[in-house]
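Content type mmCIF, N, CA and C atoms and all ligand atoms, from the file protein19.cif:
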data_data
loop_
_atom_site.label_atom_id
_atom_site.label_comp_id
_atom_site.auth_asym_id
_atom_site.auth_seq_id
_atom_site.Cartn_x
_atom_site.Cartn_y
_atom_site.Cartn_z
N MET A 1 53.51 122.81 116.69
CA MET A 1 54.72 121.99 116.81
C MET A 1 54.40 120.56 116.36
N SER A 2 55.22 120.04 115.47
CA SER A 2 55.00 118.67 115.01
C SER A 2 55.56 117.68 116.02
N PHE A 3 54.83 116.62 116.19
CA PHE A 3 55.33 115.54 117.04
C PHE A 3 54.73 114.23 116.59
N ASN A 4 55.14 113.16 117.24
CA ASN A 4 54.62 111.83 116.96
C ASN A 4 53.85 111.35 118.18
N THR A 5 53.13 110.27 118.00
CA THR A 5 52.33 109.75 119.10
C THR A 5 52.54 108.25 119.23
N ILE A 6 52.66 107.80 120.48
CA ILE A 6 52.70 106.35 120.72
C ILE A 6 51.50 105.98 121.57
N TYR A 7 50.85 104.90 121.17
CA TYR A 7 49.61 104.48 121.83
C TYR A 7 49.80 103.21 122.64
N GLY A 8 49.12 103.15 123.75
CA GLY A 8 48.93 101.89 124.44
C GLY A 8 49.93 101.54 125.53
N GLU A 9 49.54 100.60 126.36
CA GLU A 9 50.40 99.99 127.36
C GLU A 9 50.95 100.96 128.38
N LEU A 10 50.07 101.81 128.91
CA LEU A 10 50.50 102.75 129.93
C LEU A 10 49.31 103.00 130.85
N ASP A 11 49.58 103.01 132.15
CA ASP A 11 48.52 103.25 133.12
C ASP A 11 48.71 104.62 133.75
N CYS A 12 47.61 105.38 133.87
CA CYS A 12 47.69 106.69 134.51
C CYS A 12 48.16 106.52 135.95
N PRO A 13 49.16 107.32 136.38
CA PRO A 13 49.66 107.18 137.75
C PRO A 13 48.64 107.63 138.79
N HIS A 14 47.61 108.37 138.37
CA HIS A 14 46.64 108.90 139.33
C HIS A 14 45.42 107.99 139.50
N CYS A 15 44.81 107.58 138.40
CA CYS A 15 43.59 106.77 138.51
C CYS A 15 43.79 105.35 138.03
N LYS A 16 44.98 105.03 137.53
CA LYS A 16 45.34 103.69 137.05
C LYS A 16 44.57 103.29 135.79
N SER A 17 43.89 104.24 135.14
CA SER A 17 43.23 103.93 133.88
C SER A 17 44.27 103.64 132.80
N ARG A 18 43.93 102.75 131.90
CA ARG A 18 44.79 102.51 130.75
C ARG A 18 44.67 103.71 129.81
N ILE A 19 45.81 104.23 129.39
CA ILE A 19 45.80 105.46 128.60
C ILE A 19 45.41 105.17 127.16
N LEU A 20 44.43 105.93 126.67
CA LEU A 20 43.99 105.78 125.29
C LEU A 20 44.38 106.97 124.43
N SER A 21 44.69 108.09 125.07
CA SER A 21 44.87 109.32 124.31
C SER A 21 46.19 109.38 123.56
N GLY A 22 47.14 108.55 123.93
CA GLY A 22 48.42 108.57 123.23
C GLY A 22 49.41 109.50 123.87
N VAL A 23 50.67 109.17 123.70
CA VAL A 23 51.76 109.94 124.28
C VAL A 23 52.46 110.69 123.16
N GLY A 24 52.53 112.02 123.28
CA GLY A 24 53.24 112.82 122.29
C GLY A 24 54.73 112.83 122.58
N PHE A 25 55.54 112.69 121.54
CA PHE A 25 56.98 112.78 121.72
C PHE A 25 57.60 113.36 120.46
N ARG A 26 58.86 113.81 120.59
CA ARG A 26 59.54 114.45 119.46
C ARG A 26 60.87 113.75 119.21
N PHE A 27 60.82 112.71 118.40
CA PHE A 27 62.03 111.98 118.05
C PHE A 27 61.77 111.28 116.72
N GLY A 28 62.84 111.20 115.89
CA GLY A 28 62.67 110.64 114.54
C GLY A 28 62.01 111.66 113.63
N GLN A 29 61.41 111.16 112.55
CA GLN A 29 60.70 112.08 111.65
C GLN A 29 59.48 112.65 112.38
N LEU A 30 59.37 113.97 112.37
CA LEU A 30 58.26 114.62 113.09
C LEU A 30 57.15 114.91 112.10
N ASN A 31 56.18 114.02 112.05
CA ASN A 31 55.15 114.16 111.02
C ASN A 31 53.84 113.53 111.48
N GLN A 32 53.47 113.78 112.74
CA GLN A 32 52.25 113.22 113.34
C GLN A 32 52.16 111.72 113.09
N ARG A 33 53.28 111.05 113.13
CA ARG A 33 53.24 109.60 112.96
C ARG A 33 52.66 108.94 114.21
N GLN A 34 52.04 107.79 114.00
CA GLN A 34 51.44 107.06 115.11
C GLN A 34 52.18 105.74 115.27
N TYR A 35 52.65 105.52 116.48
CA TYR A 35 53.44 104.32 116.75
C TYR A 35 52.81 103.51 117.86
N LYS A 36 53.23 102.26 117.94
CA LYS A 36 52.97 101.45 119.12
C LYS A 36 54.30 100.81 119.52
N LYS A 37 54.31 100.25 120.73
CA LYS A 37 55.54 99.65 121.22
C LYS A 37 56.03 98.58 120.23
N GLY A 38 57.33 98.58 119.96
CA GLY A 38 57.90 97.61 119.04
C GLY A 38 58.10 98.15 117.64
N ASP A 39 57.44 99.27 117.32
CA ASP A 39 57.56 99.85 115.98
C ASP A 39 58.93 100.47 115.77
N GLU A 40 59.34 100.49 114.51
CA GLU A 40 60.59 101.13 114.12
C GLU A 40 60.32 102.58 113.76
N LEU A 41 61.21 103.48 114.20
CA LEU A 41 61.03 104.90 113.92
C LEU A 41 61.42 105.23 112.48
N ALA A 42 60.69 106.17 111.89
CA ALA A 42 60.99 106.62 110.53
C ALA A 42 61.96 107.80 110.57
N TRP A 43 62.83 107.84 109.58
CA TRP A 43 63.79 108.96 109.42
C TRP A 43 63.76 109.39 107.97
N GLU A 44 62.73 110.07 107.59
CA GLU A 44 62.62 110.51 106.20
C GLU A 44 62.42 112.01 106.18
N GLY A 45 62.84 112.62 105.09
CA GLY A 45 62.62 114.04 104.94
C GLY A 45 63.55 114.86 105.81
N ASP A 46 63.30 116.15 105.86
CA ASP A 46 64.22 117.05 106.57
C ASP A 46 63.65 117.52 107.91
N GLN A 47 62.51 116.96 108.32
CA GLN A 47 61.94 117.36 109.60
C GLN A 47 62.15 116.24 110.61
N CYS A 48 63.41 116.02 110.98
CA CYS A 48 63.73 114.96 111.92
C CYS A 48 64.41 115.56 113.15
N ARG A 49 64.23 114.89 114.27
CA ARG A 49 64.91 115.28 115.50
C ARG A 49 65.52 114.05 116.15
N PRO A 50 66.86 114.05 116.31
CA PRO A 50 67.84 114.98 115.73
C PRO A 50 67.80 114.92 114.21
N PRO A 51 68.56 115.78 113.50
CA PRO A 51 68.43 115.88 112.04
C PRO A 51 68.66 114.58 111.29
N SER A 52 69.48 113.67 111.83
CA SER A 52 69.66 112.37 111.18
C SER A 52 69.65 111.28 112.25
N ARG A 53 69.41 110.05 111.81
CA ARG A 53 69.31 108.94 112.76
C ARG A 53 70.61 108.79 113.53
N PRO A 54 70.56 108.84 114.86
CA PRO A 54 71.80 108.75 115.65
C PRO A 54 72.35 107.33 115.68
N ASP A 55 73.65 107.23 115.96
CA ASP A 55 74.31 105.93 116.03
C ASP A 55 74.04 105.21 117.35
N ALA A 56 73.67 105.96 118.37
CA ALA A 56 73.51 105.37 119.70
C ALA A 56 72.51 104.21 119.67
N ARG A 57 72.83 103.12 120.36
CA ARG A 57 71.95 101.95 120.37
C ARG A 57 70.74 102.17 121.26
N VAL A 58 70.96 102.82 122.41
CA VAL A 58 69.86 103.05 123.36
C VAL A 58 69.65 104.56 123.52
N ILE A 59 68.41 104.97 123.35
CA ILE A 59 68.06 106.38 123.46
C ILE A 59 66.88 106.52 124.41
N LYS A 60 66.92 107.55 125.23
CA LYS A 60 65.80 107.82 126.14
C LYS A 60 65.34 109.26 125.94
N THR A 61 64.05 109.43 125.72
CA THR A 61 63.51 110.77 125.48
C THR A 61 62.19 110.91 126.22
N LEU A 62 61.81 112.13 126.53
CA LEU A 62 60.58 112.36 127.29
C LEU A 62 59.40 112.60 126.36
N GLY A 63 58.23 112.13 126.79
CA GLY A 63 56.99 112.38 126.08
C GLY A 63 55.93 112.80 127.08
N HIS A 64 54.75 113.16 126.57
CA HIS A 64 53.69 113.68 127.44
C HIS A 64 52.32 113.15 127.03
N PHE A 65 51.46 113.01 128.01
CA PHE A 65 50.08 112.62 127.73
C PHE A 65 49.18 113.25 128.78
N ASN A 66 47.88 113.25 128.47
CA ASN A 66 46.93 113.56 129.53
C ASN A 66 45.96 112.39 129.65
N CYS A 67 45.46 112.19 130.85
CA CYS A 67 44.56 111.07 131.12
C CYS A 67 43.20 111.34 130.48
N ASP A 68 42.61 110.29 129.88
CA ASP A 68 41.29 110.43 129.23
C ASP A 68 40.15 110.42 130.22
N ASN A 69 40.41 109.98 131.42
CA ASN A 69 39.35 109.84 132.43
C ASN A 69 39.11 111.18 133.11
N ILE A 70 37.99 111.85 132.76
CA ILE A 70 37.78 113.20 133.30
C ILE A 70 37.46 113.17 134.80
N LYS A 71 37.25 111.98 135.37
CA LYS A 71 37.07 111.88 136.81
C LYS A 71 38.42 111.70 137.52
N CYS A 72 39.46 111.61 136.75
CA CYS A 72 40.80 111.40 137.30
C CYS A 72 41.24 112.63 138.09
N SER A 73 42.03 112.42 139.14
CA SER A 73 42.49 113.55 139.96
C SER A 73 43.49 114.42 139.20
N SER A 74 43.98 113.96 138.03
CA SER A 74 44.89 114.81 137.24
C SER A 74 44.11 115.92 136.52
N TRP A 75 42.76 115.82 136.52
CA TRP A 75 41.93 116.86 135.92
C TRP A 75 41.56 117.88 136.98
N GLN A 76 41.90 119.15 136.71
CA GLN A 76 41.59 120.23 137.64
C GLN A 76 40.92 121.35 136.86
N ASP A 77 39.77 121.79 137.28
CA ASP A 77 39.07 122.88 136.60
C ASP A 77 38.92 122.60 135.10
N CYS A 78 38.56 121.35 134.77
CA CYS A 78 38.31 120.95 133.38
C CYS A 78 39.58 120.89 132.52
N PHE A 79 40.75 121.04 133.12
CA PHE A 79 41.97 120.89 132.33
C PHE A 79 42.80 119.75 132.92
N PRO A 80 43.35 118.91 132.03
CA PRO A 80 44.17 117.82 132.55
C PRO A 80 45.57 118.30 132.91
N ASP A 81 46.09 117.75 133.98
CA ASP A 81 47.48 117.97 134.34
C ASP A 81 48.31 117.07 133.42
N ILE A 82 49.25 117.65 132.69
CA ILE A 82 50.02 116.87 131.71
C ILE A 82 51.02 115.97 132.43
N GLN A 83 51.03 114.71 132.03
CA GLN A 83 51.90 113.71 132.65
C GLN A 83 53.12 113.47 131.74
N THR A 84 54.21 113.08 132.37
CA THR A 84 55.45 112.84 131.63
C THR A 84 55.79 111.35 131.62
N VAL A 85 56.29 110.89 130.49
CA VAL A 85 56.75 109.51 130.39
C VAL A 85 58.16 109.48 129.82
N LEU A 86 58.86 108.40 130.14
CA LEU A 86 60.19 108.13 129.58
C LEU A 86 60.03 107.07 128.50
N ILE A 87 60.47 107.41 127.29
CA ILE A 87 60.39 106.49 126.15
C ILE A 87 61.78 105.96 125.87
N THR A 88 61.89 104.64 125.81
CA THR A 88 63.18 104.01 125.51
C THR A 88 63.15 103.49 124.08
N ILE A 89 64.19 103.82 123.33
CA ILE A 89 64.33 103.39 121.94
C ILE A 89 65.61 102.59 121.85
N GLU A 90 65.49 101.34 121.39
CA GLU A 90 66.68 100.49 121.23
C GLU A 90 66.75 100.03 119.80
N ASN A 91 67.94 100.21 119.18
CA ASN A 91 68.13 99.85 117.77
C ASN A 91 67.00 100.39 116.92
N ASN A 92 66.62 101.64 117.17
CA ASN A 92 65.61 102.38 116.41
C ASN A 92 64.19 101.86 116.60
N ARG A 93 63.95 101.01 117.60
CA ARG A 93 62.58 100.58 117.90
C ARG A 93 62.18 101.06 119.28
N ILE A 94 60.89 101.40 119.41
CA ILE A 94 60.37 101.81 120.72
C ILE A 94 60.19 100.56 121.57
N THR A 95 60.99 100.45 122.62
CA THR A 95 60.93 99.22 123.41
C THR A 95 60.24 99.41 124.76
N ASP A 96 60.17 100.64 125.25
CA ASP A 96 59.54 100.82 126.55
C ASP A 96 58.97 102.23 126.69
N VAL A 97 57.83 102.30 127.38
CA VAL A 97 57.20 103.58 127.68
C VAL A 97 56.77 103.48 129.14
N GLU A 98 57.32 104.34 129.99
CA GLU A 98 56.99 104.24 131.41
C GLU A 98 56.79 105.62 132.02
N ILE A 99 56.01 105.66 133.07
CA ILE A 99 55.77 106.91 133.78
C ILE A 99 57.09 107.46 134.31
N TYR A 100 57.27 108.77 134.19
CA TYR A 100 58.52 109.42 134.58
C TYR A 100 58.20 110.58 135.49
N LYS A 101 58.92 110.68 136.57
CA LYS A 101 58.75 111.82 137.48
C LYS A 101 59.83 112.85 137.18
N PRO A 102 59.46 113.98 136.56
CA PRO A 102 60.48 114.97 136.23
C PRO A 102 61.09 115.58 137.48
N SER A 103 62.38 115.89 137.39
CA SER A 103 63.02 116.55 138.53
C SER A 103 62.74 118.04 138.49
N GLY A 104 62.27 118.54 137.34
CA GLY A 104 61.89 119.95 137.25
C GLY A 104 62.76 120.76 136.31
N ASP A 105 63.97 120.29 136.00
CA ASP A 105 64.83 121.08 135.12
C ASP A 105 64.96 120.47 133.72
N GLU A 106 64.16 119.42 133.42
CA GLU A 106 64.20 118.86 132.07
C GLU A 106 63.42 119.76 131.11
N GLU A 107 63.88 119.80 129.86
CA GLU A 107 63.06 120.44 128.85
C GLU A 107 61.88 119.54 128.52
N GLU A 108 60.85 120.14 127.93
CA GLU A 108 59.58 119.44 127.73
C GLU A 108 59.74 118.09 127.00
N PHE A 109 60.47 118.10 125.88
CA PHE A 109 60.64 116.87 125.11
C PHE A 109 62.11 116.47 125.10
N ALA A 110 62.74 116.58 126.25
CA ALA A 110 64.19 116.38 126.36
C ALA A 110 64.62 115.00 125.88
N ILE A 111 65.78 114.94 125.25
CA ILE A 111 66.47 113.68 125.00
C ILE A 111 67.45 113.52 126.16
N LEU A 112 67.26 112.49 126.98
CA LEU A 112 68.09 112.33 128.18
C LEU A 112 69.34 111.49 127.91
N GLU A 113 69.21 110.52 127.03
CA GLU A 113 70.36 109.66 126.67
C GLU A 113 70.36 109.45 125.17
N PRO A 114 71.50 109.35 124.53
CA PRO A 114 72.84 109.55 125.09
C PRO A 114 73.11 111.03 125.35
N ALA A 115 74.14 111.28 126.16
CA ALA A 115 74.43 112.65 126.59
C ALA A 115 74.70 113.58 125.41
N GLU A 116 75.30 113.03 124.32
CA GLU A 116 75.66 113.93 123.19
C GLU A 116 74.44 114.44 122.44
N LEU A 117 73.27 113.85 122.69
CA LEU A 117 72.06 114.35 122.02
C LEU A 117 71.29 115.33 122.88
N ARG A 118 71.74 115.57 124.11
CA ARG A 118 71.04 116.54 124.95
C ARG A 118 71.09 117.92 124.30
N GLY A 119 69.98 118.58 124.28
CA GLY A 119 69.92 119.90 123.65
C GLY A 119 69.65 119.83 122.16
N ALA A 120 69.46 118.61 121.62
CA ALA A 120 69.18 118.48 120.17
C ALA A 120 67.78 118.99 119.87
ZN ZN B 201 44.01 109.26 135.31
#
Would you give me this structure, written as structure tokens?
Amino acid sequence: MSFNTIYGELDCPHCKSRILSGVGFRFGQLNQRQYKKGDELAWEGDQCRPPSRPDARVIKTLGHFNCDNIKCSSWQDCFPDIQTVLITIENNRITDVEIYKPSGDEEEFAILEPAELRGA
């Protein structure tokens, strides 16, 4: 599955380590692009999610990471427990990445806002 990655400015909720591994997310052109906070998303080619750049000014989508610290309590039996983050995109730029507690019924890379993009 193709996805993008955003790096930096996130602390593991378990051990408080600064995350280095990057957060995977599926929005914009899906082409293993690497972003940091403040970057503008690319919309090129036919592998985009949603298929074209949406008009909505503010978008919220879920991403995932695992903690790099193998002593972290999120690591169990040598496998990391995957953590969820909420990524905020405003005017096509990534403006915020924060720890998110899933309620349990979200899809893995769900687009939460705007409502018309849910299920995209
Ligand atoms: Zn950790």
With distances taken over only C-alpha atoms, the candidate from A:Arg118, A:Lys101, A:Arg53, A:Lys60 nearest A:Leu41 is A:Arg53
With a cut-off of 6 Å, could you pull out the residues of chain A touching ligand ZN 201 (chain B) and give me the nearest pair of atoms for each, distance in Å to one decimal, using only N, CA and C atoms and all ligand atoms, ordered by chain and ascending number, as a tab-separated table?
residue	atom	partner	partner_atom	distance
A:Cys12	CA	B:ZN201	ZN	4.6
A:Pro13	N	B:ZN201	ZN	5.6
A:His14	C	B:ZN201	ZN	4.6
A:Cys15	N	B:ZN201	ZN	3.6
A:Lys16	N	B:ZN201	ZN	4.9
A:Ser17	N	B:ZN201	ZN	5.0
A:Cys67	CA	B:ZN201	ZN	4.6
A:Asp68	N	B:ZN201	ZN	5.7
A:Asn69	N	B:ZN201	ZN	5.3
A:Cys72	CA	B:ZN201	ZN	4.3
A:Ser73	N	B:ZN201	ZN	5.3
A:Ser74	N	B:ZN201	ZN	5.4
- May I have all residues of chain A that DSSP, computed from the backbone, assigns to strand (DSSP E), given as a VMD selection string? chain A and resid 4 to 7 23 to 25 28 to 29 34 to 36 48 to 49 58 to 65 75 to 76 79 to 80 83 to 90 93 to 99 111 to 113
Task: Residues within 6.5 Å of A:Val23, all atoms listed in the file, excluding chain neighbours under 3 positions, as a ChimeraX atom specification - done: /A:4-8,63-65
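Note that atom CA of A:Leu112 and atom CA of A:Thr61 are 5.5 Å apart.
Reported to one decimal place, the separation of atom C of A:Arg57 from atom C of A:Ile89 is 5.2 Å.
Atom C of A:Pro50 is found 18.0 Å from atom CA of A:Tyr35.
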Taking 6 positions as the minimum chain separation for residues in the same chain, which residues sit within 10 Å of A:Pro54 when counting only C-alpha atoms? Answer as a ChimeraX atom specification. /A:28,91-92,114,116-117
Report, as JSON, the axis-aligned box around all atoms of stretch 56-65 of chain A present in the file, extended by 8 Å on each side; give centre and edge lengths in Å to one decimal place.
{"center_x": 61.4, "center_y": 107.8, "center_z": 123.6, "size_x": 40.5, "size_y": 27.7, "size_z": 26.4}
Completion step: stretch 91-102 of chain A with all heavy atoms as a compact mmCIF listing (two decimals), in the frame of the given file:
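Okay, this is what ended up in rebuild-v6.txt:
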# COMPACT_ATOMS: atom_id res chain seq x y z
N ASN A 91 67.94 100.21 119.18
CA ASN A 91 68.13 99.85 117.77
C ASN A 91 67.00 100.39 116.92
O ASN A 91 66.45 99.70 116.07
CB ASN A 91 68.23 98.32 117.62
CG ASN A 91 69.47 97.80 118.31
OD1 ASN A 91 70.52 98.44 118.31
ND2 ASN A 91 69.35 96.64 118.94
N ASN A 92 66.62 101.64 117.17
CA ASN A 92 65.61 102.38 116.41
C ASN A 92 64.19 101.86 116.60
O ASN A 92 63.29 102.20 115.84
CB ASN A 92 65.97 102.42 114.91
CG ASN A 92 65.32 103.59 114.21
OD1 ASN A 92 65.27 104.71 114.75
ND2 ASN A 92 64.80 103.36 113.02
N ARG A 93 63.95 101.01 117.60
CA ARG A 93 62.58 100.58 117.90
C ARG A 93 62.18 101.06 119.28
O ARG A 93 62.99 101.08 120.20
CB ARG A 93 62.46 99.05 117.87
CG ARG A 93 62.43 98.50 116.48
CD ARG A 93 62.34 96.98 116.49
NE ARG A 93 62.68 96.48 115.16
CZ ARG A 93 61.82 96.43 114.13
NH1 ARG A 93 60.58 96.80 114.30
NH2 ARG A 93 62.21 96.00 112.96
N ILE A 94 60.89 101.40 119.41
CA ILE A 94 60.37 101.81 120.72
C ILE A 94 60.19 100.56 121.57
O ILE A 94 59.39 99.69 121.24
CB ILE A 94 59.04 102.55 120.56
CG1 ILE A 94 59.23 103.80 119.70
CG2 ILE A 94 58.46 102.91 121.93
CD1 ILE A 94 57.94 104.42 119.21
N THR A 95 60.99 100.45 122.62
CA THR A 95 60.93 99.22 123.41
C THR A 95 60.24 99.41 124.76
O THR A 95 59.78 98.45 125.35
CB THR A 95 62.35 98.66 123.68
OG1 THR A 95 63.13 99.70 124.30
CG2 THR A 95 63.01 98.22 122.40
N ASP A 96 60.17 100.64 125.25
CA ASP A 96 59.54 100.82 126.55
C ASP A 96 58.97 102.23 126.69
O ASP A 96 59.53 103.19 126.16
CB ASP A 96 60.55 100.55 127.66
CG ASP A 96 59.88 100.16 128.96
OD1 ASP A 96 58.68 99.79 128.93
OD2 ASP A 96 60.53 100.22 130.02
N VAL A 97 57.83 102.30 127.38
CA VAL A 97 57.20 103.58 127.68
C VAL A 97 56.77 103.48 129.14
O VAL A 97 55.99 102.60 129.50
CB VAL A 97 55.97 103.82 126.78
CG1 VAL A 97 55.33 105.16 127.11
CG2 VAL A 97 56.36 103.77 125.31
N GLU A 98 57.32 104.34 129.99
CA GLU A 98 56.99 104.24 131.41
C GLU A 98 56.79 105.62 132.02
O GLU A 98 57.34 106.60 131.54
CB GLU A 98 58.08 103.47 132.16
CG GLU A 98 59.45 104.14 132.03
CD GLU A 98 60.58 103.26 132.55
OE1 GLU A 98 60.42 102.64 133.61
OE2 GLU A 98 61.64 103.22 131.90
N ILE A 99 56.01 105.66 133.07
CA ILE A 99 55.77 106.91 133.78
C ILE A 99 57.09 107.46 134.31
O ILE A 99 57.92 106.71 134.83
CB ILE A 99 54.79 106.68 134.95
CG1 ILE A 99 53.45 106.14 134.43
CG2 ILE A 99 54.60 107.95 135.77
CD1 ILE A 99 52.67 107.09 133.57
N TYR A 100 57.27 108.77 134.19
CA TYR A 100 58.52 109.42 134.58
C TYR A 100 58.20 110.58 135.49
O TYR A 100 57.30 111.37 135.20
CB TYR A 100 59.24 109.90 133.33
CG TYR A 100 60.55 110.60 133.58
CD1 TYR A 100 61.71 109.88 133.81
CD2 TYR A 100 60.61 112.00 133.56
CE1 TYR A 100 62.92 110.53 134.02
CE2 TYR A 100 61.82 112.65 133.76
CZ TYR A 100 62.97 111.92 134.00
OH TYR A 100 64.16 112.56 134.21
N LYS A 101 58.92 110.68 136.57
CA LYS A 101 58.75 111.82 137.48
C LYS A 101 59.83 112.85 137.18
O LYS A 101 61.00 112.61 137.48
CB LYS A 101 58.84 111.36 138.94
CG LYS A 101 57.63 110.58 139.41
CD LYS A 101 57.36 110.86 140.89
CE LYS A 101 56.23 110.00 141.44
NZ LYS A 101 55.00 110.06 140.67
N PRO A 102 59.46 113.98 136.56
CA PRO A 102 60.48 114.97 136.23
C PRO A 102 61.09 115.58 137.48
O PRO A 102 60.41 115.75 138.50
CB PRO A 102 59.71 116.05 135.45
CG PRO A 102 58.33 115.53 135.24
CD PRO A 102 58.10 114.42 136.23
